[in-house]
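Notes follow the structure.
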Amino acid sequence: MKYFLQTCIAMMAISLPLLVQGQAYDFAQYSIDKGLSQSQVKGMAQDASGRMWFGTTGGGLCRFDGQKMEVLRREEGLPNNSLEHLAFDSLTRTMYVSAENGLISRYDGDRFTEIPVADSTPAPKILTGMCLDKAGVLYAAYLKGGMYKLTADGRHMKQVAGTPDSLTTVRLSGEGYLLMSRRDGNVYRLENDRFSLVARVPGGHYVADIIAHEGGMYLGTNGGVYRYSEEQWQYLGLRERITSVHVSPAGELWAGTMAGLWRYSTGAWEHINKKSGLTDLPVTCFFNDREGNLWIATDGAGVFLFRGERFTHFGEAQGLSHEVVMALAQGPESLWIGTSRGLFTFDGEQIRPKEDLPLEGVYISTLLPDTTGGMWVLSRGGGLIHYGRGGIRFYNKDNGLQDNYLTIGRLDEEGRLWIGSGEGLIRQGEDGFDLLQPEGEPLRVVWGLMPYKDGVLVGFGGGLRYFDGETFHRVPGAELMEGKAVLGIFKGPGDRLYCNVYNAGLYVLNPDKAEGFYLTTSSGLTSNLIYSVIAADQYLYLGTERGVDRLTFTSGGLLSDVRNYGRSEGFKGVEANRNAVMEDSLGRIWFGNVRGVALYDPAKDRPDMPEPALALNAVRLFYEVPDWAEFADSVDSWHNVPVGPVFSYDQNHLVFDFGGSTFLAPERLRYRYRLEGLEEVWSPPVERGQAMYANLPPGEYTLHVEAMDEGAGRLGKALAYSFVIEPPIWGRWWFMLLMVLAALLIIKLISDNRVRVKLEKALLVEKVKATEMTRLRKELARDFHDEIGNHFASISVLVQMLSARFTDNKEAAGIIGKLEQLSRSLYLGGRDFIWSIEPESERVNEMILYIKDFGEELFENSPIEFRSDIPENGELDNVKLPAGANRQVIMIAKEAMTNAMKHSGAAVVTMGVRYEGKEVTMEIKDNGCGLMYNSKGHVRGLENMKKRAERVGGKLSYLSQDKEGLSVIVVLPVNTI
């Protein structure tokens with residue numbers, strides 16, 4: 001065993017110097033057959049949505065999102081179909097294109113606008129370069145005319161003062177200044193619109209391109225590539241006519257020539273041409289997109305996309321005449337490649353048939369380096385060959401080998417060869433080969449072998465067995481593989497055994513615990529048909545019929561991640577072959593497949609698909625694109641999508657087209673969407689970027705769209721697009737509010753009408769009652785007046801007769817005088833009562849006149865002067881007292897006047913009346929002695945008057961000062977008639 005390990009280590013050390021040269025790279029070509037309008041591409045740019053733009057010679061402008069190529073020509077407004085340079089300003093979302101005639105146009109996503117040259121006679125000719133500075137200002141270099149700059153108003157290109165003439169290129173440096181060169185090799189710097197000479201290219205070579213890098217610059221000239229740094233020139237060789245130069249984000253230098261592409265690495269140039277998967281035609285320019293991919297434009301072969309060197313390929317172009325590779329092994333000096341039609345070797349530069357071991361037409365199934373530096377070659381149908389220092393030895397059924405159909409071979413720690421064949425298990429012995437079969441259970445075809453402990457694990461068409469050197473045993477924990485073909489057994493992460501079972505996935509076996517489980521497509525694998533397995537670093541790699549899966553496991557042995565490498569990731573062969581896999585001494589993994597050999601370099605792997613640039617590409621109303629000016633104030637011109645549109649209730653059938661631009665693996669891109677305002681749950685992932693909604697109810701909506709990597713989850717932020725569907729006029733809030741208010745108003749009107757009808761009825765009844773009451777009062781007053789008047793008249797006549805008869809009798813005359821006085825007082829009181837019954841007595845003007853008449857009559861024969869201040873403009877004609885109030889007011893007025901006459905000693909008594917608002921104020925004032933507060937009678941009289949006023953809802957107050965008289969003030973509520 002020690003000798004075996006020393007030999008393996010020595011072989012690995014010998015294999016270290018193996019350098020890969022002449023391989024085929026993973027280039028994706030886009031030309032006429034892929035939708036490109038013309039195969040000659042001169043300029044490239046990328047817009048804010050991640051789409052690539054290609055300017056062609058005669059084919060117009062092409063736009064590519066990773067899946068669909070669209071073309072803009074003169075018919076779409078392009079001023080010229082032959083374009084030279086492109087530049088995109090991400091700040092203003094503006095594309096600048098220059099035509100072969102030197103004219104520059106601006107594209108805003110909707111239309112092209114030509115930018116004329118201002119103040120230049122003659123006009124500049126032959127535009128050689130165009131770029132944007134760090135502020136987004138456009139500069140253009142002309143071979144005849146020098147440097148021009150876009151004016152601040154964006155209307156013209158104007159010559160920069162002091163510009164050198166005969167400029168051949170212009171580029172923006174990382175520090176923000178511009179670099180340019182003249183045709184005589186002078187290199188200039190432009191900063192703040194000031195030119196300064198930097199250096200002169202040795203020999204005055206014509207500079208076709210220039211690019212700043214790490215404080216220096218690379219220059220592509222007609223005499224090769226130069227580097228200028230710290231005022232020193234370095235010639236990097238490559239005596240070719242250089243058309244363009246480029247430095248990748250990783251720092252690699254690329255040079256385009258008239259005959260393909262060159263890459264400068266580790267001090268040497270590597271020619272990348274048609275043999276390498278590119279082209280032998282001229283390379284015109286380079287562009288690094290936002291995902292880190294390198295685009296290479298050519299003059300005649302379209303554009304090429306380089307996604308990196310994760311995989312490189314070796315096939316027919318490198319000399320592998322038969323590309324179905326079934327076995328790989330590292331020999332002492334070269335890589336051995338076994339195919340279905342023979343044996344080849346690769347020395348790092350060229351693949352050649354193994355001429356000293358002519359096996360053309362032989363199906364090689366396994367290659368095994370032995371402990372002596374030789375190689376075991378197993379074949380299907382051709383038996384066993386050993387190639388070593390002692391020469392070549394053949395083993396087949398004619399010289400002791402039990403079967404010529406050999407499927408797999410393995411060497412154990414002792415260097416002994418174990419072989420799987422169509423007849424069973426074959427073991428190499430000291431005197432030959434032994435065929436081993438379990439008793440009563442033929443192994444049939446043995447597909448998998450792995451030396452294990454003191455024996456070997458055997459995978460065959462009926463499951464898994466362990467041979468301990470003497471006897472075959474069933475393997476505890478492998479029961480789930482019974483009756484199935486086990487194609488291979490491998491040791492991997494967690495010291496577990498991994499068995500690829502035909503069309504059933506990967507079986508993970510823990511022999512110590514006698515348990516196992518399957519990993520299948522349900523677990524995340526790309527395919528259940530696994531041909532090869534290899535453990536490298538912390539990963540497990542599976543070669544399948546759908547590319548390579550890289551498996552990651554947790555420390556507990558659970559599967560945590562599956563990453564697939566297919567055509568988009570650079571694995572061109574797609575279908576791997578059984579057991580055709582190996583890891584070299586540099587940690588790279590070689591996969592044999594149906595199109596040659598794929599070399600995977602983990603050190604050059606790239607992360608999964610980055611966040612794509614999601615965009616809403618179109619909105620359609622009833623499957624048509626209307627004039628969006630009717631629905632929105634503004635429109636995104638790059639996609640003709642309205643911003644915040646508002647639709648009417650019957651414009652509610654909408655189709656949304658969306659997409660994400662990615663070039664790493666566009667076929668893996670999926671979308672899910674959700675319409676906020678209608679849906680709570682996201683849609684299942686869909687391949688087509690489209691969502692359709694019919695008969696949307698009125699409301700506010702936001703469409704959310706997320707990009708997803710198939711099998712790997714969401715990518716980045718969601719796109720959000722908002723719009724509104726207005727309700728019909730009868731469904732809008734203000735209309736509904738108006739309807740509610742109208743309903744409430746109708747209800748109120750109905751209610752008010754019912755109340756009004758009831759009120760009118762009540763008023764009518766009251767009116768009838770009042771009319772009847774008025775009639776009754778008038779009749780009562782008339783009857784009472786007639787009846788009482790007659791009686792008073794009779795009493796008065798009788799009193800007068802008695803007075804005349806008893807004139808001499810003083811006692812009788814006194815009694816008769818009192819009787820006459822009482823009858824008069826009774827008459828006057830009755831007259832007041834009769835008057836108060838009259839309906840007209842409730843009018844304020846009638847009441848005031850009545851009181852006035854009383855006052856004038858009362859003070860007529862007294863020394864007191866009676867005055868009245870009563871409105872005479874008719875303002876009291878329509879003012880009425882509450883029912884029954886007139887009598888109380890008259891009693892108050894009579895008592896106040898009578899008190900003034902009897903007790904005030906006044907010379908003047910005045911009655912004043914005022915009408916303000918809904919109140920009438922009556923004041924009876926004298927200029928006598930005033931109120932004598934020690935007179936209880938006077939105070940009691942005033943209190944009685946207060947009570948009378950309060951009975952009719954009024955208020956009574958009085959003012960009195962000694963020797964200045966008394967004022968009695970009554971405020972009464974009134975109504976208008």
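Every chain in the structure tokens has a letter given in the order shown (A, B, ...), and although residue numbers restart at 1 in each chain, ligands are simply numbered from 1 in the order shown.
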Requested in this report: Name all residues at most 8 Å from stretch 954-961 of chain A (count only C-alpha atoms; drop same-chain ones fewer than 5 positions away) and give them as a PyMOL selection string.
Outcome: chain A and resi 930-931+945-946+949+966-973
Kindly save the residues from that selection, with all heavy atoms included, as a short mmCIF file (atom, residue, chain, number, x, y, z; two decimals), in the first residue's frame.
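Output (out-v6.cif):
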```
data_model
loop_
_atom_site.label_atom_id
_atom_site.label_comp_id
_atom_site.auth_asym_id
_atom_site.auth_seq_id
_atom_site.Cartn_x
_atom_site.Cartn_y
_atom_site.Cartn_z
N GLY A 930 -90.67 108.79 44.55
CA GLY A 930 -89.97 107.51 44.48
C GLY A 930 -90.57 106.47 45.37
O GLY A 930 -91.54 106.72 46.08
N LEU A 931 -89.96 105.28 45.35
CA LEU A 931 -90.49 104.16 46.13
C LEU A 931 -90.07 104.31 47.58
O LEU A 931 -88.90 104.53 47.88
CB LEU A 931 -89.98 102.84 45.56
CG LEU A 931 -90.43 101.57 46.26
CD1 LEU A 931 -91.94 101.39 46.12
CD2 LEU A 931 -89.70 100.37 45.68
N MET A 945 -97.43 92.69 40.75
CA MET A 945 -97.26 93.00 39.32
C MET A 945 -96.22 92.08 38.67
O MET A 945 -96.36 91.66 37.52
CB MET A 945 -96.85 94.48 39.17
CG MET A 945 -97.99 95.47 39.42
SD MET A 945 -97.55 97.15 38.98
CE MET A 945 -96.53 97.60 40.36
N LYS A 946 -95.13 91.76 39.37
CA LYS A 946 -94.12 90.82 38.86
C LYS A 946 -94.73 89.47 38.54
O LYS A 946 -94.46 88.85 37.50
CB LYS A 946 -92.98 90.64 39.88
CG LYS A 946 -91.89 91.66 39.77
CD LYS A 946 -90.73 91.25 40.70
CE LYS A 946 -89.57 92.22 40.55
NZ LYS A 946 -88.42 91.81 41.35
N ALA A 949 -96.75 89.56 35.42
CA ALA A 949 -95.88 89.54 34.22
C ALA A 949 -95.34 88.14 33.95
O ALA A 949 -95.26 87.69 32.81
CB ALA A 949 -94.76 90.55 34.40
N LEU A 966 -90.35 106.90 40.16
CA LEU A 966 -90.34 105.44 40.04
C LEU A 966 -90.62 105.05 38.59
O LEU A 966 -91.51 105.64 37.95
CB LEU A 966 -91.41 104.83 40.96
CG LEU A 966 -91.63 103.32 40.83
CD1 LEU A 966 -90.39 102.56 41.33
CD2 LEU A 966 -92.86 102.89 41.64
N SER A 967 -89.86 104.06 38.09
CA SER A 967 -90.09 103.52 36.73
C SER A 967 -90.43 102.05 36.86
O SER A 967 -89.67 101.28 37.47
CB SER A 967 -88.86 103.67 35.86
OG SER A 967 -88.60 105.03 35.59
N VAL A 968 -91.63 101.70 36.33
CA VAL A 968 -92.03 100.29 36.27
C VAL A 968 -91.89 99.84 34.83
O VAL A 968 -92.54 100.42 33.94
CB VAL A 968 -93.46 100.11 36.78
CG1 VAL A 968 -93.85 98.64 36.65
CG2 VAL A 968 -93.59 100.58 38.21
N ILE A 969 -91.03 98.81 34.60
CA ILE A 969 -90.69 98.36 33.24
C ILE A 969 -91.18 96.94 33.05
O ILE A 969 -90.83 96.04 33.84
CB ILE A 969 -89.19 98.42 32.99
CG1 ILE A 969 -88.68 99.85 33.25
CG2 ILE A 969 -88.84 98.00 31.56
CD1 ILE A 969 -87.18 99.95 33.37
N VAL A 970 -92.01 96.72 32.01
CA VAL A 970 -92.53 95.39 31.70
C VAL A 970 -92.03 94.99 30.30
O VAL A 970 -92.23 95.74 29.34
CB VAL A 970 -94.07 95.36 31.75
CG1 VAL A 970 -94.56 93.95 31.49
CG2 VAL A 970 -94.57 95.86 33.09
N VAL A 971 -91.36 93.79 30.22
CA VAL A 971 -90.90 93.26 28.93
C VAL A 971 -91.75 92.04 28.61
O VAL A 971 -91.81 91.08 29.40
CB VAL A 971 -89.41 92.87 28.98
CG1 VAL A 971 -88.99 92.31 27.63
CG2 VAL A 971 -88.56 94.08 29.36
N LEU A 972 -92.43 92.08 27.43
CA LEU A 972 -93.39 91.05 27.07
C LEU A 972 -92.99 90.37 25.76
O LEU A 972 -92.60 91.06 24.80
CB LEU A 972 -94.78 91.66 26.93
CG LEU A 972 -95.33 92.32 28.18
CD1 LEU A 972 -96.56 93.14 27.81
CD2 LEU A 972 -95.68 91.26 29.22
N PRO A 973 -93.07 89.03 25.71
CA PRO A 973 -92.84 88.34 24.44
C PRO A 973 -94.06 88.52 23.54
O PRO A 973 -95.20 88.48 24.00
CB PRO A 973 -92.66 86.89 24.85
CG PRO A 973 -93.42 86.75 26.11
CD PRO A 973 -93.33 88.08 26.82
#
```
Report task. Might you pull out every residue within 6 Å of A:Tyr148, with only C-alpha atoms counted and same-chain residues fewer than 3 positions away left off, and present them as a PyMOL selection string? Result -> chain A and resi 139-140+157-160
Report summary line: If you count only C-alpha atoms, the residue of A:Phe571, A:Tyr96, A:Phe287, A:Trp53 closest to A:Gly154 turns out to be A:Tyr96
Requested in this report: Write out as a PyMOL selection string all residues of stretch 444-476 of chain A that DSSP puts in strand (DSSP E) for this structure's backbone.
Outcome: chain A and resi 446-452+455-460+463-467+472-474
Requested in this report: Compile the contact shell of A:Lys963 as a ChimeraX atom specification: residues with an atom at most 8 Å away, counting only C-alpha atoms, same-chain residues fewer than 4 positions apart removed.
Outcome: /A:927-930
Dump of C-alpha atoms for the selected residues, as a PDB file, in the first residue's frame:
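Dumped to part03.pdb:
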```
ATOM      1  CA  ASN A 927     -91.239 112.096  38.700  1.00  0.00           C
ATOM      2  CA  GLY A 928     -92.583 111.831  42.202  1.00  0.00           C
ATOM      3  CA  CYS A 929     -91.123 110.913  45.524  1.00  0.00           C
ATOM      4  CA  GLY A 930     -89.968 107.512  44.481  1.00  0.00           C
TER       5      GLY A 930
END
```
Query raised in the report: Residues at most 9 Å from stretch 639-648 of chain A, counting only C-alpha atoms, excluding those fewer than 5 positions away in the same chain, as a PyMOL selection string?
Result: chain A and resi 109-110+615-619+625+628-634+698+721-728
